[in-house]
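Participant: Have a look at this one before I ask anything.
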Amino acid sequence: MAVNAQNVLVGAPDQKTTGAILSAPTGTELPADPTAVPAPEFASSGYVSENGVTLTPERSTASIKDWSGAVIRQILEEFNGTLAWEHLETNEESLRNYFGDDQVTITPATSTTGEQIRAALGAHELPRKAWIFRIKDGKRRVLITVPDGQVTDQGEVSFTKTNAILWPVTLTTYPDADGNNIYITTDDGETIAA
């Protein structure tokens, strides 16, 4: 196969009408391709920091050795795939991702106060959800789907005058019925005439 510079992609967010990271209850139908409209249950968490999203596959293996001590085979012991990012927006959905759905309460605006969001931080297990990550490069698209993922790490949050408040999270993924944690689907944007 010849080299093709068109296959060199950048990871810009696809957020024309929503944010690039969306979540919904587990079991919600995932989009089949990068151009599909997500199910209405998927909620956007808004802007993500300029650091984007990092996908980290982690594998641990055990060695099988022969009588002489030479490694002759590696057996997979454990697999974990994580995605990490920093929410740049402070809104209901980004806070639900950081604190947990049940730990965020919304109080509507009144004649004396604006809408208030209250988030509680404590020893609470965060919910498992389905996740979508939408990426674009011109007319090309990349879709990362996670059928079952759970925020398992909440990063340090700094409150300073000179920087935006960021809500960093790490998402641990779990295998679906096919044994897969993460799916990546691309679309080159090149259609053919009917």
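Every chain in the structure tokens takes a letter, A first, then B, and so on in the order presented; its residues are numbered from 1, and the ligands are numbered from 1 following the presented order.
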What residues in range 5-191 of chain A get the DSSP label strand (DSSP E)? Please answer as a ChimeraX atom specification.

Facilitator: /A:12-13,21-25,43-44,54-65,71-87,104-107,116-119,128-137,140-154,167-173,183-187

Participant: Mind checking which residues fall within 9 Å of range 119-126 of chain A, counting only C-alpha atoms, ignoring those fewer than 6 positions away in the same chain, and posting them as a list in words?

Facilitator: Leu95, Arg96, Asn97, Tyr98, Phe99, Gly100, Asp101, Asp102, Gln103, Val104, Thr105, Ile106, Gln150, Val151 and Thr152 of chain A

Participant: Which residues, written as a PyMOL selection string, have at least one atom at most 12 Å from Ser49 in chain A, with only C-alpha atoms counted and residues fewer than 2 positions away on the same chain left out?

Facilitator: chain A and resi 12-13+19-21+45-47+51-54+84-90+163-169

Participant: How about saving the chosen residues, N, CA and C atoms kept, as an mmCIF file, in the first residue's frame?

Facilitator:
```cif
data_model
loop_
_atom_site.group_PDB
_atom_site.id
_atom_site.type_symbol
_atom_site.label_atom_id
_atom_site.label_comp_id
_atom_site.auth_asym_id
_atom_site.auth_seq_id
_atom_site.Cartn_x
_atom_site.Cartn_y
_atom_site.Cartn_z
ATOM 1 N N ALA A 12 -8.965 16.869 16.409
ATOM 2 C CA ALA A 12 -9.778 18.017 16.829
ATOM 3 C C ALA A 12 -11.175 17.553 17.243
ATOM 4 N N PRO A 13 -11.801 18.248 18.167
ATOM 5 C CA PRO A 13 -13.143 17.843 18.592
ATOM 6 C C PRO A 13 -14.178 18.131 17.514
ATOM 7 N N GLY A 19 -20.980 19.171 22.452
ATOM 8 C CA GLY A 19 -19.597 18.925 22.824
ATOM 9 C C GLY A 19 -19.126 17.630 22.186
ATOM 10 N N ALA A 20 -17.838 17.374 22.279
ATOM 11 C CA ALA A 20 -17.271 16.191 21.643
ATOM 12 C C ALA A 20 -17.328 14.957 22.525
ATOM 13 N N ILE A 21 -17.651 15.124 23.795
ATOM 14 C CA ILE A 21 -17.753 13.988 24.713
ATOM 15 C C ILE A 21 -19.176 13.931 25.251
ATOM 16 N N SER A 45 -21.045 17.174 27.586
ATOM 17 C CA SER A 45 -20.444 17.821 28.759
ATOM 18 C C SER A 45 -19.686 19.084 28.382
ATOM 19 N N GLY A 46 -19.820 19.537 27.133
ATOM 20 C CA GLY A 46 -19.255 20.819 26.739
ATOM 21 C C GLY A 46 -17.790 20.768 26.355
ATOM 22 N N TYR A 47 -17.148 21.925 26.464
ATOM 23 C CA TYR A 47 -15.756 22.058 26.057
ATOM 24 C C TYR A 47 -14.811 21.201 26.897
ATOM 25 N N ASN A 51 -5.696 20.017 25.945
ATOM 26 C CA ASN A 51 -4.953 18.756 25.995
ATOM 27 C C ASN A 51 -5.713 17.605 25.353
ATOM 28 N N GLY A 52 -6.987 17.810 25.040
ATOM 29 C CA GLY A 52 -7.765 16.794 24.346
ATOM 30 C C GLY A 52 -8.028 15.563 25.189
ATOM 31 N N VAL A 53 -8.139 14.430 24.504
ATOM 32 C CA VAL A 53 -8.433 13.144 25.135
ATOM 33 C C VAL A 53 -7.258 12.209 24.911
ATOM 34 N N THR A 54 -6.877 11.483 25.943
ATOM 35 C CA THR A 54 -5.788 10.516 25.841
ATOM 36 C C THR A 54 -6.341 9.116 26.048
ATOM 37 N N ALA A 84 -8.653 9.680 29.255
ATOM 38 C CA ALA A 84 -8.533 10.765 30.231
ATOM 39 C C ALA A 84 -8.684 12.105 29.526
ATOM 40 N N TRP A 85 -9.295 13.053 30.209
ATOM 41 C CA TRP A 85 -9.477 14.399 29.680
ATOM 42 C C TRP A 85 -9.780 15.349 30.827
ATOM 43 N N GLU A 86 -9.799 16.631 30.508
ATOM 44 C CA GLU A 86 -10.138 17.668 31.478
ATOM 45 C C GLU A 86 -11.327 18.458 30.950
ATOM 46 N N HIS A 87 -12.415 18.458 31.703
ATOM 47 C CA HIS A 87 -13.564 19.282 31.321
ATOM 48 C C HIS A 87 -13.170 20.748 31.490
ATOM 49 N N LEU A 88 -13.386 21.535 30.461
ATOM 50 C CA LEU A 88 -13.093 22.960 30.507
ATOM 51 C C LEU A 88 -14.325 23.757 30.948
ATOM 52 N N GLU A 89 -15.491 23.246 30.630
ATOM 53 C CA GLU A 89 -16.724 23.904 31.071
ATOM 54 C C GLU A 89 -17.103 23.409 32.461
ATOM 55 N N THR A 90 -17.652 24.314 33.244
ATOM 56 C CA THR A 90 -18.258 23.944 34.515
ATOM 57 C C THR A 90 -19.760 24.034 34.296
ATOM 58 N N ASN A 163 -6.230 31.110 35.377
ATOM 59 C CA ASN A 163 -6.518 29.939 34.545
ATOM 60 C C ASN A 163 -7.956 29.496 34.725
ATOM 61 N N ALA A 164 -8.463 28.810 33.707
ATOM 62 C CA ALA A 164 -9.808 28.236 33.802
ATOM 63 C C ALA A 164 -9.809 27.096 34.813
ATOM 64 N N ILE A 165 -10.944 26.882 35.437
ATOM 65 C CA ILE A 165 -11.110 25.723 36.319
ATOM 66 C C ILE A 165 -11.278 24.501 35.428
ATOM 67 N N LEU A 166 -10.450 23.490 35.659
ATOM 68 C CA LEU A 166 -10.520 22.247 34.899
ATOM 69 C C LEU A 166 -10.972 21.120 35.809
ATOM 70 N N TRP A 167 -11.770 20.219 35.265
ATOM 71 C CA TRP A 167 -12.272 19.058 36.000
ATOM 72 C C TRP A 167 -11.710 17.807 35.341
ATOM 73 N N PRO A 168 -10.506 17.347 35.755
ATOM 74 C CA PRO A 168 -9.863 16.204 35.093
ATOM 75 C C PRO A 168 -10.425 14.863 35.563
ATOM 76 N N VAL A 169 -10.671 13.982 34.612
ATOM 77 C CA VAL A 169 -11.203 12.657 34.927
ATOM 78 C C VAL A 169 -10.473 11.590 34.113
#
```

Participant: Got a sec to tell me which of range 27-178 of chain A DSSP assigns to helix (DSSP H, G or I), as a PyMOL selection string?

Facilitator: chain A and resi 92-99+101-103

Participant: Kindly save the residues from that selection, with C-alpha atoms included, as a CSV table (one decimal), in the first residue's frame.

Facilitator:
```csv
chain,number,residue,atom,x,y,z
A,92,GLU,CA,-24.3,20.2,34.9
A,93,GLU,CA,-23.0,17.4,32.8
A,94,SER,CA,-19.3,18.0,33.4
A,95,LEU,CA,-19.9,18.1,37.1
A,96,ARG,CA,-22.0,14.9,36.9
A,97,ASN,CA,-19.0,13.3,35.2
A,98,TYR,CA,-16.6,14.5,37.8
A,99,PHE,CA,-18.7,14.1,41.0
A,101,ASP,CA,-24.9,11.8,38.7
A,102,ASP,CA,-26.4,11.4,42.1
A,103,GLN,CA,-24.1,13.9,43.7
```

Participant: Enter the distance from CA of Gln6 in chain A to CA of Asp137 in chain A, in Å, rounded to one decimal.

Facilitator: 10.0 Å

Participant: Could you check the closest approach to Ala177 in chain A for each of A:Gln74, A:Pro147, A:Ala24, A:Ala39 and tell me which residue wins, using only C-alpha atoms?

Facilitator: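 When distances to Ala177 in chain A are compared using only C-alpha atoms, the smallest one comes from A:Pro147.
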